[in-house]
>>> print(open('work.txt').read())   # compact mmCIF, C-alpha atoms and all ligand atoms
# COMPACT_ATOMS: atom_id res chain seq x y z
CA ASP O 1 0.00 0.00 0.00
CA ARG O 2 1.82 3.07 -1.25
CA PHE O 3 -0.20 5.41 0.99
CA LYS O 4 1.05 3.73 4.18
CA LEU O 5 3.83 5.30 6.24
CA ASP O 6 4.73 2.18 8.19
CA GLY O 7 8.02 2.52 10.03
CA LYS O 8 8.70 6.06 8.84
CA ILE O 9 10.43 8.65 11.04
CA ALA O 10 8.56 11.94 10.73
CA LEU O 11 8.85 15.47 12.04
CA VAL O 12 6.27 18.29 12.12
CA THR O 13 7.03 21.91 13.05
CA GLY O 14 4.40 24.11 14.64
CA ALA O 15 2.90 20.87 15.91
CA ALA O 16 1.65 21.96 19.33
CA GLN O 17 -1.74 23.01 17.97
CA GLY O 18 -3.79 23.80 14.88
CA ILE O 19 -2.77 22.45 11.48
CA GLY O 20 0.58 21.04 12.67
CA LYS O 21 -1.07 18.95 15.37
CA ALA O 22 -3.53 17.55 12.81
CA LEU O 23 -0.66 16.71 10.45
CA ALA O 24 1.18 14.88 13.24
CA ILE O 25 -1.98 12.88 13.99
CA ALA O 26 -2.41 12.01 10.31
CA LEU O 27 1.19 10.76 10.01
CA ALA O 28 0.79 8.62 13.15
CA GLN O 29 -2.53 7.23 11.87
CA ALA O 30 -0.88 6.33 8.56
CA GLY O 31 1.68 4.22 10.44
CA ALA O 32 4.72 6.41 11.17
CA ALA O 33 7.00 4.78 13.76
CA ALA O 34 7.91 8.12 15.32
CA VAL O 35 6.62 11.67 15.05
CA GLY O 36 8.61 14.60 16.42
CA LEU O 37 6.49 17.55 17.48
CA LEU O 38 8.67 20.61 17.09
CA ASP O 39 7.36 23.87 18.49
CA LEU O 40 8.30 26.73 20.79
CA GLU O 41 8.49 25.49 24.38
CA SER O 42 5.01 25.77 25.89
CA GLU O 43 2.47 23.99 28.00
CA THR O 44 0.49 23.35 24.83
CA LEU O 45 3.43 21.45 23.33
CA ARG O 46 3.82 19.27 26.43
CA HIS O 47 0.08 18.67 26.58
CA THR O 48 -0.08 17.65 22.89
CA GLU O 49 2.90 15.30 23.34
CA LYS O 50 1.11 13.60 26.26
CA GLU O 51 -2.24 13.47 24.47
CA LEU O 52 -0.81 11.88 21.31
CA ASN O 53 1.40 9.45 23.22
CA ALA O 54 -1.66 8.25 25.12
CA HIS O 55 -3.60 7.88 21.88
CA PHE O 56 -1.02 6.15 19.65
CA SER O 57 0.52 3.00 21.10
CA SER O 58 2.67 2.09 18.10
CA THR O 59 4.00 5.57 17.28
CA GLU O 60 6.64 7.22 19.42
CA ILE O 61 5.69 10.88 19.94
CA ILE O 62 8.53 13.16 20.96
CA ALA O 63 8.29 16.90 21.74
CA LEU O 64 11.16 19.04 20.50
CA ALA O 65 11.35 22.60 21.81
CA ALA O 66 12.99 24.92 19.29
CA ASP O 67 12.45 28.17 17.42
CA VAL O 68 12.40 27.55 13.65
CA SER O 69 14.00 30.94 13.02
CA ASN O 70 17.05 30.02 15.10
CA ALA O 71 19.55 27.99 13.06
CA ASN O 72 21.43 26.58 16.05
CA GLN O 73 18.27 25.46 17.82
CA ILE O 74 16.88 23.87 14.67
CA ASN O 75 20.06 22.03 13.73
CA GLN O 76 20.36 20.73 17.27
CA ALA O 77 16.69 19.67 17.64
CA ILE O 78 16.49 17.97 14.25
CA SER O 79 19.81 16.14 14.59
CA GLN O 80 18.91 15.07 18.15
CA PHE O 81 15.62 13.61 16.88
CA ALA O 82 16.98 11.99 13.72
CA SER O 83 20.08 10.53 15.38
CA LYS O 84 17.86 8.69 17.85
CA PHE O 85 16.57 6.65 14.88
CA GLY O 86 19.51 7.01 12.51
CA ARG O 87 17.29 8.56 9.82
CA LEU O 88 14.61 11.09 8.95
CA ASP O 89 12.01 10.23 6.30
CA ILE O 90 9.27 12.86 6.47
CA ALA O 91 9.27 16.49 7.55
CA CYS O 92 6.35 18.93 7.55
CA ASN O 93 7.67 22.48 7.88
CA ASN O 94 4.49 24.07 9.06
CA ALA O 95 5.27 26.59 11.84
CA GLY O 96 4.12 30.09 10.92
CA ILE O 97 2.90 33.38 12.32
CA VAL O 98 0.87 36.28 10.98
CA PHE O 99 0.42 39.89 12.06
CA SER O 100 -2.88 40.79 10.51
CA GLY O 101 -3.36 44.37 9.38
CA VAL O 102 -6.99 44.07 10.48
CA GLU O 103 -5.32 45.51 13.55
CA GLU O 104 -4.43 48.98 12.27
CA LYS O 105 -0.96 48.94 13.88
CA TYR O 106 0.02 46.04 11.56
CA ALA O 107 -1.21 47.64 8.31
CA SER O 108 1.67 48.15 5.87
CA GLU O 109 1.86 51.92 6.34
CA ASN O 110 2.25 51.45 10.11
CA ALA O 111 4.11 48.14 10.41
CA SER O 112 7.52 48.29 12.01
CA VAL O 113 10.55 46.77 10.34
CA GLU O 114 10.74 44.43 13.33
CA GLN O 115 7.28 43.04 12.49
CA TRP O 116 8.27 42.65 8.86
CA LYS O 117 11.50 40.85 9.79
CA LYS O 118 9.85 38.65 12.41
CA THR O 119 7.31 37.38 9.86
CA LEU O 120 9.98 36.71 7.23
CA ASP O 121 12.27 35.09 9.84
CA VAL O 122 9.67 32.58 11.00
CA ASP O 123 7.56 32.03 7.86
CA LEU O 124 10.29 31.97 5.20
CA THR O 125 13.78 31.71 6.75
CA GLY O 126 12.41 29.19 9.25
CA VAL O 127 11.25 26.93 6.42
CA PHE O 128 14.63 27.23 4.70
CA LEU O 129 16.57 26.43 7.90
CA CYS O 130 14.39 23.38 8.54
CA CYS O 131 14.75 22.13 4.95
CA GLN O 132 18.51 22.51 5.24
CA ALA O 133 18.73 20.63 8.55
CA GLU O 134 16.42 17.88 7.22
CA ALA O 135 18.34 17.52 3.97
CA LYS O 136 21.50 16.71 5.95
CA TRP O 137 19.78 13.41 6.79
CA MET O 138 17.67 12.90 3.71
CA LEU O 139 20.22 13.52 0.94
CA PRO O 140 22.77 10.94 2.18
CA GLN O 141 20.04 8.32 2.67
CA HIS O 142 18.59 9.11 -0.79
CA TYR O 143 15.10 9.30 0.61
CA GLY O 144 13.01 12.11 1.99
CA LYS O 145 9.60 13.74 1.88
CA ILE O 146 9.52 17.42 2.81
CA ILE O 147 6.14 19.13 2.88
CA ASN O 148 6.12 22.87 3.52
CA THR O 149 3.00 24.70 4.61
CA ALA O 150 2.62 27.73 2.35
CA SER O 151 -0.81 29.36 1.93
CA MET O 152 -3.22 30.39 -0.79
CA SER O 153 -2.00 33.87 0.28
CA ALA O 154 1.10 33.11 -1.77
CA HIS O 155 -1.12 33.67 -4.84
CA ILE O 156 -4.07 35.87 -3.92
CA VAL O 157 -4.47 39.07 -1.92
CA ASN O 158 -7.11 39.04 0.75
CA HIS O 159 -6.90 42.82 0.91
CA PRO O 160 -8.93 43.57 4.05
CA GLN O 161 -6.33 41.63 6.01
CA LYS O 162 -3.41 43.82 4.96
CA GLN O 163 -0.79 41.16 5.60
CA ALA O 164 1.96 42.16 3.20
CA ALA O 165 4.80 40.45 5.08
CA TYR O 166 2.88 37.20 5.40
CA ASN O 167 1.85 37.15 1.73
CA ALA O 168 5.42 37.89 0.65
CA ALA O 169 6.80 35.18 2.94
CA LYS O 170 4.32 32.57 1.72
CA ALA O 171 5.02 33.39 -1.94
CA GLY O 172 8.65 32.85 -0.99
CA VAL O 173 7.83 29.44 0.50
CA VAL O 174 6.20 28.34 -2.77
CA GLN O 175 9.21 29.38 -4.85
CA LEU O 176 11.65 27.95 -2.28
CA THR O 177 9.72 24.66 -2.52
CA ARG O 178 9.93 24.69 -6.32
CA THR O 179 13.67 25.44 -6.23
CA LEU O 180 14.61 22.81 -3.63
CA GLY O 181 12.19 20.40 -5.30
CA ALA O 182 14.31 20.66 -8.44
CA GLU O 183 17.70 20.78 -6.69
CA TRP O 184 17.21 17.61 -4.65
CA ALA O 185 14.99 15.57 -6.99
CA ASP O 186 17.73 13.36 -8.41
CA ARG O 187 18.84 12.45 -4.88
CA GLY O 188 15.48 11.02 -3.84
CA VAL O 189 14.34 13.97 -1.76
CA HIS O 190 10.88 15.29 -2.58
CA VAL O 191 10.09 18.87 -1.60
CA ASN O 192 6.44 19.85 -2.08
CA CYS O 193 3.99 22.16 -0.36
CA ILE O 194 0.39 22.55 0.63
CA SER O 195 -1.31 25.93 0.35
CA PRO O 196 -4.42 25.95 2.51
CA GLY O 197 -7.28 28.39 2.22
CA TYR O 198 -9.08 29.62 5.34
CA ILE O 199 -8.84 26.93 8.01
CA ASN O 200 -10.47 27.06 11.41
CA THR O 201 -7.48 27.13 13.83
CA PRO O 202 -6.20 29.31 16.71
CA ILE O 203 -4.43 31.56 14.14
CA THR O 204 -7.72 32.45 12.41
CA ASN O 205 -10.06 32.14 15.37
CA THR O 206 -8.97 35.40 17.01
CA PRO O 207 -11.07 38.33 18.24
CA ALA O 208 -9.53 40.57 15.54
CA LEU O 209 -10.41 38.21 12.68
CA LYS O 210 -13.78 36.98 13.94
CA PRO O 211 -15.75 39.84 12.33
CA ILE O 212 -14.47 39.03 8.81
CA MET O 213 -14.93 35.24 9.03
CA ASP O 214 -18.41 35.44 7.50
CA TYR O 215 -16.93 37.36 4.59
CA TRP O 216 -14.35 34.59 4.05
CA VAL O 217 -17.04 31.94 4.02
CA ARG O 218 -19.12 33.90 1.48
CA LEU O 219 -16.09 34.05 -0.83
CA THR O 220 -15.35 30.33 -0.46
CA PRO O 221 -17.21 28.19 -3.04
CA ALA O 222 -17.41 25.31 -0.52
CA ASN O 223 -19.35 27.75 1.68
CA ARG O 224 -17.48 26.88 4.84
CA LEU O 225 -14.11 27.34 6.49
CA GLY O 226 -11.72 24.43 6.16
CA GLU O 227 -11.10 22.20 9.14
CA VAL O 228 -7.63 20.91 9.99
CA GLU O 229 -8.77 17.41 8.96
CA ASP O 230 -9.21 18.71 5.40
CA LEU O 231 -5.41 18.95 5.17
CA GLN O 232 -4.60 15.45 6.40
CA GLY O 233 -5.22 13.63 3.10
CA PRO O 234 -3.06 15.95 0.98
CA VAL O 235 -0.19 15.72 3.47
CA VAL O 236 -0.31 11.92 3.85
CA PHE O 237 -0.27 11.69 0.06
CA LEU O 238 2.81 13.94 -0.18
CA ALA O 239 4.48 12.09 2.71
CA SER O 240 3.90 8.69 1.13
CA ASP O 241 5.40 6.78 -1.78
CA ALA O 242 2.16 7.45 -3.68
CA SER O 243 3.60 10.88 -4.56
CA SER O 244 6.65 9.32 -6.23
CA PHE O 245 6.71 11.76 -9.19
CA MET O 246 5.87 14.97 -7.28
CA PHE O 247 8.78 17.42 -7.00
CA GLY O 248 8.41 21.11 -6.15
CA GLY O 249 4.64 20.77 -6.40
CA GLU O 250 1.79 22.41 -4.58
CA ILE O 251 -1.61 21.16 -3.43
CA MET O 252 -4.20 23.81 -2.65
CA PRO O 253 -6.90 22.66 -0.23
CA ASP O 254 -8.81 25.94 -0.21
CA GLY O 255 -12.51 25.09 -0.64
CA GLY O 256 -12.24 26.56 -4.14
CA PHE O 257 -11.35 30.07 -2.91
CA THR O 258 -8.67 30.65 -5.53
CA LEU O 259 -10.79 29.41 -8.44
CA TRP O 260 -12.43 32.72 -9.23
P1 LIG M 1 -1.43 28.16 14.82
O1 LIG M 1 -1.05 29.50 15.32
O2 LIG M 1 -2.61 27.48 15.38
O3 LIG M 1 -0.19 27.16 14.95
C1 LIG M 1 1.11 27.57 14.61
C2 LIG M 1 2.09 26.84 15.51
O4 LIG M 1 3.41 27.25 15.13
C3 LIG M 1 1.91 27.18 16.99
O5 LIG M 1 1.90 26.01 17.78
C4 LIG M 1 3.13 28.04 17.28
O6 LIG M 1 3.61 27.93 18.63
C5 LIG M 1 4.14 27.50 16.29
N1 LIG M 1 5.20 28.47 16.04
C6 LIG M 1 5.07 29.80 15.80
N2 LIG M 1 6.26 30.36 15.68
C7 LIG M 1 7.19 29.38 15.84
C8 LIG M 1 8.61 29.35 15.83
N3 LIG M 1 9.34 30.46 15.64
N4 LIG M 1 9.23 28.17 16.04
C9 LIG M 1 8.51 27.04 16.26
N5 LIG M 1 7.17 27.01 16.28
C10 LIG M 1 6.52 28.17 16.08
O7 LIG M 1 -1.58 28.32 13.23
P2 LIG M 1 -2.13 27.31 12.12
O8 LIG M 1 -3.35 27.90 11.57
O9 LIG M 1 -2.12 25.92 12.61
O10 LIG M 1 -1.00 27.53 11.04
C11 LIG M 1 -0.05 26.56 10.68
C12 LIG M 1 0.56 26.95 9.35
O11 LIG M 1 -0.46 26.98 8.37
C13 LIG M 1 1.22 28.33 9.33
O12 LIG M 1 2.38 28.29 8.55
C14 LIG M 1 0.15 29.18 8.67
O13 LIG M 1 0.69 30.31 8.05
C15 LIG M 1 -0.40 28.21 7.67
N6 LIG M 1 -1.73 28.52 7.16
C16 LIG M 1 -2.79 28.64 7.99
C17 LIG M 1 -4.04 28.93 7.45
C18 LIG M 1 -5.26 29.07 8.30
O14 LIG M 1 -6.29 29.53 7.79
N7 LIG M 1 -5.24 28.68 9.56
C19 LIG M 1 -4.17 29.10 6.07
C20 LIG M 1 -3.07 28.98 5.26
C21 LIG M 1 -1.84 28.69 5.81
>>> encode(input="work.txt", output="structure tokens", more="lines below")
Ligand code: NAD
Amino acid sequence: DRFKLDGKIALVTGAAQGIGKALAIALAQAGAAAVGLLDLESETLRHTEKELNAHFSSTEIIALAADVSNANQINQAISQFASKFGRLDIACNNAGIVFSGVEEKYASENASVEQWKKTLDVDLTGVFLCCQAEAKWMLPQHYGKIINTASMSAHIVNHPQKQAAYNAAKAGVVQLTRTLGAEWADRGVHVNCISPGYINTPITNTPALKPIMDYWVRLTPANRLGEVEDLQGPVVFLASDASSFMFGGEIMPDGGFTLW
């Protein structure tokens, strides 16, 4: 069964909650032998580690506290995890942040350079640093499945949200994915991405964004927000041997938002 992930060693960043947690669950359900949950140190991370360990008896769940924008922390966390098993097969680089310009202080004309840099550091440089640390294991073993979380915001502009830095970073993730997808293809390492539309998670379910949620739904042909479970199938596909000819590709689970 080419969709099975039996015995695979997998890592997910931004896995304490939201989309990352759902991706970790999907990889465990598909048979991964171990799933590393990488996130900033927090009670949520420890809680998720406990919850998933209690739920999955044949998958080892390991919390890894690190900041994806910090090269030293990432190299250390990823090599600590991979060296425990002697390999790394799957990595979902999913951690991300957004400062939404719905809050006037984050609109482009007001945003500080620190906000701009912080978004680029986490959402784009963080993905690059993780890919680099993962490739150190995957290239020599001639096997690897990297799945970056971009966003439909790489392609469209949801203008009331005024999130220039985020949109720029996510467009960067798509092109980074395409570039690494080509660079590493002949060494058995697949780099692909998913670009979700509006998904119901802690990042979107905030007091600032609540008022415009109805507007998002109206613009989504599926007439609903996505749920984190909507992303599990695409990611298991890209993590599995079923995606054997996918390199630098993108899957857009967006409820049809970008169709019009
Ligand atoms: P979320 O805020 O619920 O989860 C993000 C996780 O990333 C959190 O656990 C957070 O602690 C972690 N994180 C943040 N900065 C980090 C850092 N520097 N190092 C390590 N971990 C860090 O958000 P989510 O909705 O689950 O988003 C996950 C990804 O999906 C993000 O990249 C986001 O941009 C992307 N995305 C989300 C949506 C959506 O509608 N929710 C749509 C498209 C893309």
>>> residues_around(input="work.txt", residues="O:Gly172", least_positions_apart="6", cutoff="9 Å", atoms="all atoms listed in the file", output="MDAnalysis selection string")
chainID O and resid 123:124 150 154
>>> residues_near_ligand(input="work.txt", ligand="ligand LIG 1 (chain M)", cutoff="8 Å", atoms="only C-alpha atoms and all ligand atoms", output="ChimeraX atom specification")
/O:13-21,38-42,44-45,65-70,93-98,121-123,126,149-153,166,170,195-204,226,228
>>> closest_residue(input="work.txt", among="O:Asn53, O:Asn223, O:Asn148, O:Ser58", to="O:Gly31", atoms="all atoms listed in the file")
O:Ser58
>>> closest_residue(input="work.txt", among="O:Leu11, O:His55, O:Cys130, O:His159", to="O:Leu88", atoms="all atoms listed in the file")
O:Leu11
>>> closest_residue(input="work.txt", among="O:Val191, O:Ala182, O:Ala26, O:Leu209", to="O:Ser100", atoms="all atoms listed in the file")
O:Leu209
>>> closest_residue(input="work.txt", among="O:Val12, O:Ala111, O:Ala54, O:Val102", to="O:Ala165", atoms="all atoms listed in the file")
O:Ala111
>>> atom_distance(input="work.txt", atom1="atom CA of O:Val174", atom2="atom CA of O:Asp254")
15.4 Å
>>> residues_around(input="work.txt", residues="O:Leu139", least_positions_apart="5", cutoff="8 Å", atoms="all atoms listed in the file", output="list in words")
Gly144, Trp184, Arg187, Gly188 and Val189 of chain O
>>> atom_distance(input="work.txt", atom1="atom CA of O:Gln175", atom2="atom CA of O:Val157")
17.0 Å
>>> residues_around(input="work.txt", residues="O:Tyr143", least_positions_apart="2", cutoff="12 Å", atoms="all atoms listed in the file", output="compact mmCIF listing (two decimals) with C-alpha atoms, in the coordinates of the input")
# COMPACT_ATOMS: atom_id res chain seq x y z
CA LYS O 8 8.70 6.06 8.84
CA ILE O 9 10.43 8.65 11.04
CA ARG O 87 17.29 8.56 9.82
CA LEU O 88 14.61 11.09 8.95
CA ASP O 89 12.01 10.23 6.30
CA ILE O 90 9.27 12.86 6.47
CA ALA O 91 9.27 16.49 7.55
CA GLU O 134 16.42 17.88 7.22
CA ALA O 135 18.34 17.52 3.97
CA LYS O 136 21.50 16.71 5.95
CA TRP O 137 19.78 13.41 6.79
CA MET O 138 17.67 12.90 3.71
CA LEU O 139 20.22 13.52 0.94
CA PRO O 140 22.77 10.94 2.18
CA GLN O 141 20.04 8.32 2.67
CA LYS O 145 9.60 13.74 1.88
CA ILE O 146 9.52 17.42 2.81
CA TRP O 184 17.21 17.61 -4.65
CA ALA O 185 14.99 15.57 -6.99
CA ASP O 186 17.73 13.36 -8.41
CA ARG O 187 18.84 12.45 -4.88
CA GLY O 188 15.48 11.02 -3.84
CA VAL O 189 14.34 13.97 -1.76
CA HIS O 190 10.88 15.29 -2.58
CA VAL O 191 10.09 18.87 -1.60
CA ALA O 239 4.48 12.09 2.71
CA SER O 240 3.90 8.69 1.13
CA ASP O 241 5.40 6.78 -1.78
CA SER O 244 6.65 9.32 -6.23
>>> atom_distance(input="work.txt", atom1="atom CA of O:Ala22", atom2="atom CA of O:Phe85")
23.0 Å
>>> closest_residue(input="work.txt", among="O:Leu176, O:Ile61, O:Asn167, O:Leu23", to="O:Cys92", atoms="only C-alpha atoms")
O:Leu23
>>> residues_around(input="work.txt", residues="O:Gly249", least_positions_apart="6", cutoff="9 Å", atoms="all atoms listed in the file", output="NGL selection string")
:O and (174 or 177-178 or 181 or 191-194)
>>> closest_residue(input="work.txt", among="O:Tyr215, O:Gln161, O:Ile156, O:Leu231", to="O:Trp260", atoms="all atoms listed in the file")
O:Ile156
>>> axis_aligned_box(input="work.txt", around="stretch 13-17 of chain O", padding_each_side="5 Å", output="lines of an AutoDock Vina configuration file")
center_x = 2.6
center_y = 22.5
center_z = 16.2
size_x = 18.8
size_y = 13.2
size_z = 16.3
